[in-house]
>>> print(open('upload.pdb').read())   # PDB, C-alpha atoms
ATOM      1  CA  MET A   1      11.106   5.237  12.293
ATOM      2  CA  ASP A   2       8.830   7.394  14.441
ATOM      3  CA  SER A   3       6.580   5.806  17.077
ATOM      4  CA  ASP A   4       3.436   5.791  14.877
ATOM      5  CA  LEU A   5       5.270   4.028  12.074
ATOM      6  CA  VAL A   6       6.881   1.542  14.472
ATOM      7  CA  GLU A   7       3.435   0.715  15.896
ATOM      8  CA  ALA A   8       1.942   0.181  12.417
ATOM      9  CA  VAL A   9       4.819  -2.026  11.249
ATOM     10  CA  THR A  10       4.755  -4.012  14.507
ATOM     11  CA  ARG A  11       1.008  -4.669  14.159
ATOM     12  CA  LEU A  12       1.406  -5.775  10.549
ATOM     13  CA  LYS A  13       4.297  -8.116  11.375
ATOM     14  CA  ALA A  14       2.352  -9.569  14.317
ATOM     15  CA  VAL A  15      -0.671 -10.510  12.206
ATOM     16  CA  PHE A  16       1.541 -12.232   9.621
ATOM     17  CA  GLU A  17       3.108 -14.232  12.457
ATOM     18  CA  LYS A  18      -0.273 -15.010  14.048
ATOM     19  CA  ARG A  19      -1.620 -16.305  10.733
ATOM     20  CA  SER A  20       1.617 -18.194   9.957
ATOM     21  CA  ILE A  21       1.966 -16.446   6.597
ATOM     22  CA  PRO A  22       5.605 -16.167   5.458
ATOM     23  CA  VAL A  23       6.800 -12.576   5.262
ATOM     24  CA  VAL A  24      10.213 -10.921   4.932
ATOM     25  CA  PHE A  25      11.046  -7.371   5.979
ATOM     26  CA  GLY A  26      14.601  -6.162   5.470
ATOM     27  CA  VAL A  27      16.450  -2.862   5.371
ATOM     28  CA  ALA A  28      17.170  -0.657   2.386
ATOM     29  CA  SER A  29      20.480   1.171   2.166
ATOM     30  CA  LYS A  30      20.666   4.945   2.135
ATOM     31  CA  ASP A  31      22.604   4.746  -1.158
ATOM     32  CA  LEU A  32      19.796   2.745  -2.769
ATOM     33  CA  LEU A  33      17.179   5.241  -1.623
ATOM     34  CA  ASP A  34      19.298   8.149  -2.835
ATOM     35  CA  ASP A  35      19.281   6.475  -6.252
ATOM     36  CA  VAL A  36      15.495   5.912  -6.113
ATOM     37  CA  LYS A  37      14.993   9.592  -5.214
ATOM     38  CA  LYS A  38      16.607  10.567  -8.525
ATOM     39  CA  HIS A  39      13.505   9.180 -10.263
ATOM     40  CA  VAL A  40      10.596   9.435  -7.797
ATOM     41  CA  ARG A  41       9.780  11.509  -4.747
ATOM     42  CA  LEU A  42      10.068   9.598  -1.465
ATOM     43  CA  PRO A  43       8.196  11.215   1.433
ATOM     44  CA  GLY A  44      10.119  11.174   4.723
ATOM     45  CA  ARG A  45       7.934   8.644   6.509
ATOM     46  CA  TYR A  46       7.876   6.219   3.580
ATOM     47  CA  LYS A  47      11.649   6.545   3.217
ATOM     48  CA  SER A  48      11.981   5.780   6.940
ATOM     49  CA  PHE A  49       9.796   2.687   6.402
ATOM     50  CA  LEU A  50      12.072   1.432   3.622
ATOM     51  CA  LEU A  51      15.196   2.071   5.705
ATOM     52  CA  GLY A  52      13.824   0.113   8.682
ATOM     53  CA  ALA A  53      11.297  -2.371   7.256
ATOM     54  CA  ASN A  54      11.869  -2.770   3.515
ATOM     55  CA  PRO A  55       9.072  -5.136   2.348
ATOM     56  CA  VAL A  56      11.282  -7.746   0.676
ATOM     57  CA  ASN A  57       8.461 -10.312   0.499
ATOM     58  CA  VAL A  58       5.186  -8.909   1.818
ATOM     59  CA  HIS A  59       1.863 -10.122   0.394
ATOM     60  CA  THR A  60      -1.289  -9.478   2.417
ATOM     61  CA  ALA A  61      -4.099 -12.010   2.132
ATOM     62  CA  THR A  62      -7.805 -11.378   2.674
ATOM     63  CA  PRO A  63     -10.936 -12.769   0.991
ATOM     64  CA  VAL A  64     -11.376  -9.617  -1.112
ATOM     65  CA  GLU A  65      -7.842  -8.376  -1.772
ATOM     66  CA  ARG A  66      -4.221  -9.484  -1.870
ATOM     67  CA  ILE A  67      -1.660  -6.703  -1.888
ATOM     68  CA  GLN A  68       2.031  -6.974  -2.660
ATOM     69  CA  LEU A  69       4.091  -4.158  -1.148
ATOM     70  CA  PHE A  70       7.090  -3.305  -3.333
ATOM     71  CA  ARG A  71      10.603  -3.467  -1.957
ATOM     72  CA  ALA A  72      12.829  -0.431  -2.394
ATOM     73  CA  GLU A  73      14.807  -2.194  -5.127
ATOM     74  CA  ASP A  74      11.683  -2.417  -7.337
ATOM     75  CA  ILE A  75      10.045   0.972  -6.832
ATOM     76  CA  VAL A  76      11.559   2.701  -9.864
ATOM     77  CA  ARG A  77      10.930  -0.310 -12.129
ATOM     78  CA  GLU A  78       7.287  -0.407 -10.998
ATOM     79  CA  GLN A  79       6.788   3.208 -12.097
ATOM     80  CA  VAL A  80       7.468   2.118 -15.691
ATOM     81  CA  GLY A  81       4.148   1.623 -17.409
ATOM     82  CA  PHE A  82       2.479   4.155 -15.138
ATOM     83  CA  SER A  83       4.497   7.361 -15.033
ATOM     84  CA  LEU A  84       7.915   6.634 -16.578
ATOM     85  CA  ASP A  85       8.999   5.336 -19.941
ATOM     86  CA  ASP A  86      11.572   2.590 -20.434
ATOM     87  CA  ASN A  87      14.369   5.162 -20.113
ATOM     88  CA  LEU A  88      12.969   6.343 -16.748
ATOM     89  CA  ASN A  89      11.814   9.669 -18.153
ATOM     90  CA  PRO A  90       8.344  11.055 -17.294
ATOM     91  CA  ARG A  91       5.749  10.067 -19.871
ATOM     92  CA  LYS A  92       4.245  12.888 -21.931
ATOM     93  CA  ASP A  93       0.467  13.360 -22.204
ATOM     94  CA  ASP A  94      -0.294  10.626 -19.697
ATOM     95  CA  ALA A  95      -3.065  10.733 -17.117
ATOM     96  CA  TRP A  96      -0.716   9.405 -14.438
ATOM     97  CA  ARG A  97       0.428  12.287 -12.222
ATOM     98  CA  LYS A  98       4.088  12.945 -11.525
ATOM     99  CA  SER A  99       3.283  13.151  -7.794
ATOM    100  CA  TRP A 100       1.982   9.556  -7.675
ATOM    101  CA  VAL A 101       4.482   6.926  -6.484
ATOM    102  CA  VAL A 102       3.483   3.258  -6.786
ATOM    103  CA  ILE A 103       4.209   1.338  -3.562
ATOM    104  CA  GLY A 104       2.218  -1.849  -4.153
ATOM    105  CA  ARG A 105      -0.147  -3.726  -6.399
ATOM    106  CA  SER A 106      -3.258  -5.840  -6.070
ATOM    107  CA  SER A 107      -2.245  -9.425  -6.834
ATOM    108  CA  LEU A 108      -5.885 -10.165  -7.723
ATOM    109  CA  LEU A 109      -6.706  -7.250 -10.020
ATOM    110  CA  GLY A 110      -3.361  -5.680 -10.920
ATOM    111  CA  ASP A 111      -4.496  -2.295  -9.606
ATOM    112  CA  PRO A 112      -1.742  -0.037  -8.210
ATOM    113  CA  TYR A 113      -1.575   1.376  -4.696
ATOM    114  CA  PHE A 114       0.258   4.684  -4.698
ATOM    115  CA  LEU A 115       1.287   7.639  -2.553
ATOM    116  CA  ASP A 116       0.171  11.109  -3.600
ATOM    117  CA  THR A 117       3.281  13.084  -2.717
ATOM    118  CA  ALA A 118       1.553  16.373  -3.656
ATOM    119  CA  LYS A 119      -0.441  16.035  -0.427
ATOM    120  CA  LEU A 120       2.461  15.771   2.021
ATOM    121  CA  ASP A 121       1.614  16.431   5.683
ATOM    122  CA  ALA A 122       3.685  17.781   8.580
ATOM    123  CA  GLU A 123       4.898  14.274   9.520
ATOM    124  CA  GLY A 124       6.313  13.659   6.053
ATOM    125  CA  ASP A 125       3.440  11.324   5.212
ATOM    126  CA  CYS A 126       0.825  11.422   2.473
ATOM    127  CA  PRO A 127      -2.383   9.655   1.402
ATOM    128  CA  VAL A 128      -2.454   6.273  -0.312
ATOM    129  CA  TYR A 129      -4.782   5.793  -3.270
ATOM    130  CA  THR A 130      -5.692   2.979  -5.597
ATOM    131  CA  ALA A 131      -7.173   3.095  -9.086
ATOM    132  CA  MET A 132      -8.603   0.575 -11.478
ATOM    133  CA  SER A 133      -6.081  -0.499 -14.099
ATOM    134  CA  GLY A 134      -7.022  -1.180 -17.712
ATOM    135  CA  THR A 135      -9.290   1.862 -18.065
ATOM    136  CA  ASP A 136      -8.937   4.936 -20.270
ATOM    137  CA  ARG A 137      -8.062   7.170 -17.329
ATOM    138  CA  TRP A 138      -6.933   6.842 -13.736
ATOM    139  CA  ASP A 139      -9.709   7.547 -11.229
ATOM    140  CA  PRO A 140      -8.054   7.536  -7.779
ATOM    141  CA  ASN A 141      -9.935   6.143  -4.787
ATOM    142  CA  LEU A 142      -8.676   6.866  -1.279
ATOM    143  CA  ALA A 143      -7.279   3.749   0.410
ATOM    144  CA  ALA A 144      -5.829   5.555   3.455
ATOM    145  CA  SER A 145      -5.280   9.133   4.607
ATOM    146  CA  SER A 146      -1.604   8.363   5.311
ATOM    147  CA  PHE A 147       0.909   5.591   4.761
ATOM    148  CA  VAL A 148       0.832   4.755   8.486
ATOM    149  CA  GLN A 149      -2.957   4.401   8.364
ATOM    150  CA  PHE A 150      -2.588   2.247   5.246
ATOM    151  CA  LEU A 151      -0.366  -0.192   7.174
ATOM    152  CA  LEU A 152      -2.843  -0.217  10.084
ATOM    153  CA  ILE A 153      -5.734  -0.941   7.696
ATOM    154  CA  LEU A 154      -3.756  -3.795   6.100
ATOM    155  CA  ALA A 155      -3.119  -5.235   9.576
ATOM    156  CA  ALA A 156      -6.792  -4.902  10.541
ATOM    157  CA  ALA A 157      -7.923  -6.566   7.300
ATOM    158  CA  MET A 158      -5.486  -9.423   7.842
ATOM    159  CA  GLU A 159      -6.793  -9.877  11.408
ATOM    160  CA  VAL A 160     -10.424 -10.008  10.248
ATOM    161  CA  ALA A 161      -9.470 -12.408   7.429
ATOM    162  CA  GLU A 162      -8.101 -14.949   9.919
ATOM    163  CA  GLY A 163     -11.608 -16.293  10.536
ATOM    164  CA  PHE A 164     -12.186 -16.990   6.847
ATOM    165  CA  GLY A 165      -9.499 -19.629   6.337
ATOM    166  CA  ASP A 166      -7.538 -20.132   3.128
ATOM    167  CA  ALA A 167     -10.293 -21.598   0.959
ATOM    168  CA  ASP A 168     -11.797 -19.628  -1.925
ATOM    169  CA  VAL A 169     -14.714 -17.537  -0.771
ATOM    170  CA  GLY A 170     -17.930 -16.730  -2.541
ATOM    171  CA  VAL A 171     -19.784 -13.453  -2.962
ATOM    172  CA  ASP A 172     -21.656 -13.934   0.315
ATOM    173  CA  ASP A 173     -18.385 -14.467   2.206
ATOM    174  CA  GLU A 174     -16.926 -11.324   0.645
ATOM    175  CA  GLU A 175     -19.903  -9.326   1.893
ATOM    176  CA  VAL A 176     -19.570 -10.807   5.388
ATOM    177  CA  PHE A 177     -15.865  -9.975   5.386
ATOM    178  CA  ARG A 178     -16.454  -6.369   4.338
ATOM    179  CA  GLU A 179     -19.139  -5.959   7.016
ATOM    180  CA  ALA A 180     -16.744  -7.314   9.650
ATOM    181  CA  LEU A 181     -13.915  -5.049   8.462
ATOM    182  CA  ALA A 182     -15.907  -1.798   8.398
ATOM    183  CA  PRO A 183     -15.999  -1.197  12.194
ATOM    184  CA  LYS A 184     -12.233  -1.846  12.349
ATOM    185  CA  ILE A 185     -11.448   0.752   9.677
ATOM    186  CA  ARG A 186     -13.674   3.549  11.009
ATOM    187  CA  PRO A 187     -11.503   4.334  14.104
ATOM    188  CA  ILE A 188      -8.239   3.940  12.154
ATOM    189  CA  ASP A 189      -9.183   6.256   9.288
ATOM    190  CA  PRO A 190     -12.698   7.750   9.063
ATOM    191  CA  ALA A 191     -11.967   9.298   5.642
ATOM    192  CA  ALA A 192     -10.902   5.943   4.184
ATOM    193  CA  PHE A 193     -13.990   4.351   5.704
ATOM    194  CA  ARG A 194     -16.205   6.940   3.978
ATOM    195  CA  ALA A 195     -14.339   6.493   0.667
ATOM    196  CA  GLY A 196     -15.533   2.881   0.660
ATOM    197  CA  HIS A 197     -12.598   1.123  -1.003
ATOM    198  CA  TRP A 198     -12.312  -1.499   1.745
ATOM    199  CA  THR A 199     -16.004  -1.854   2.519
TER     200      THR A 199
END
>>> encode(input="upload.pdb", output="structure tokens")
Amino acid sequence: MDSDLVEAVTRLKAVFEKRSIPVVFGVASKDLLDDVKKHVRLPGRYKSFLLGANPVNVHTATPVERIQLFRAEDIVREQVGFSLDDNLNPRKDDAWRKSWVVIGRSSLLGDPYFLDTAKLDAEGDCPVYTAMSGTDRWDPNLAASSFVQFLLILAAAMEVAEGFGDADVGVDDEEVFREALAPKIRPIDPAAFRAGHWT
């Protein structure tokens, strides 16, 4: 993993530890990832993440969102229903783009979080989007300008959420949380801040 990715993973692990939320990161084998790459495109930085910090059991927890990151072993299976059919062939006439790779899901709403591999940058990274499930078409909303920034935003959200406890929160608490999170997101990823998914 490069230094930016190491920093993002370290920050995310630290906030799980600080909040005493169980989490398991492992390592994915090169052979497994070679098999995954037969079905979906894995950008270099995301592949490096799976090799060094495979999210075996990673569920973020905030008052407004809970996100499960998928482990390498489940990535291809999670594409089924979005971009692949049961035989792992690309779906025909589907609004889901071939360049989108699902990496996680909202545990609250079922919405996918996905990489757009058509927008690969020089570091081998790409933006992360989310879209509302259960609609006639997929309308992507920027969650982060890169996978590294996505991890940093998850860590920041988990840090802000610490002050809210584990009890169910109401609409007013959600608004307070979003207002507290906004100034944390702006320096991490101004484009994601403007897109408004987190705030």
>>> atom_distance(input="upload.pdb", atom1="CA of Ser133 in chain A", atom2="CA of His197 in chain A")
14.7 Å
>>> resolve_selection(input="upload.pdb", expression="the PyMOL selection byres ((chain A and resi 65) around 12)", output="list in words")
His59, Thr60, Ala61, Thr62, Pro63, Val64, Arg66, Ile67, Gln68, Arg105, Ser106, Ser107, Leu108, Leu109, Gly110, Asp111, Tyr113, Leu154, Ala157, Met158, Ala161, Asp168, Val169, Glu174, Phe177, Arg178, His197, Trp198 and Thr199 of chain A
>>> residues_around(input="upload.pdb", residues="Glu123 in chain A", least_positions_apart="4", cutoff="12 Å", atoms="all atoms listed in the file", output="ChimeraX atom specification")
/A:1-5,43-46,48,119,127,146-148
>>> resolve_selection(input="upload.pdb", expression="the PyMOL selection byres ((chain A and resi 8) around 9)", output="list of chain:residue names")
A:Ser3, A:Asp4, A:Leu5, A:Val6, A:Glu7, A:Val9, A:Thr10, A:Arg11, A:Leu12, A:Lys13, A:Val148, A:Gln149, A:Phe150, A:Leu151, A:Leu152, A:Ala155
>>> closest_residue(input="upload.pdb", among="A:Gly81, A:Pro55, A:Pro183, A:Pro112", to="Leu142 in chain A", atoms="only C-alpha atoms")
A:Pro112
>>> closest_residue(input="upload.pdb", among="A:Trp100, A:Phe70, A:Phe193, A:Phe114", to="Leu181 in chain A", atoms="only C-alpha atoms")
A:Phe193
>>> resolve_selection(input="upload.pdb", expression="the PyMOL selection byres ((chain A and resi 140) around 10)", output="list of chain:residue names")
A:Pro112, A:Tyr113, A:Phe114, A:Asp116, A:Val128, A:Tyr129, A:Thr130, A:Ala131, A:Met132, A:Arg137, A:Trp138, A:Asp139, A:Asn141, A:Leu142, A:Ala143
>>> closest_residue(input="upload.pdb", among="A:Lys37, A:Val160, A:Leu120, A:Ser145", to="Ala195 in chain A", atoms="only C-alpha atoms")
A:Ser145
>>> closest_residue(input="upload.pdb", among="A:Val80, A:Ile21, A:Leu115, A:Ala182", to="Leu42 in chain A", atoms="only C-alpha atoms")
A:Leu115
>>> atom_distance(input="upload.pdb", atom1="CA of Arg19 in chain A", atom2="CA of Glu78 in chain A")
28.4 Å
>>> closest_residue(input="upload.pdb", among="A:Ala14, A:Ile153, A:Leu51, A:Val40", to="Val102 in chain A", atoms="only C-alpha atoms")
A:Val40
>>> atom_distance(input="upload.pdb", atom1="CA of Ile75 in chain A", atom2="CA of Val101 in chain A")
8.2 Å
>>> closest_residue(input="upload.pdb", among="A:Glu179, A:Asp125, A:Lys98, A:Glu17", to="Phe49 in chain A", atoms="all atoms listed in the file")
A:Asp125
>>> axis_aligned_box(input="upload.pdb", around="range 97-103 of chain A", padding_each_side="4 Å", output="AutoDock Vina command-line options")
--center_x 2.5 --center_y 7.2 --center_z -7.9 --size_x 12.1 --size_y 19.8 --size_z 16.7
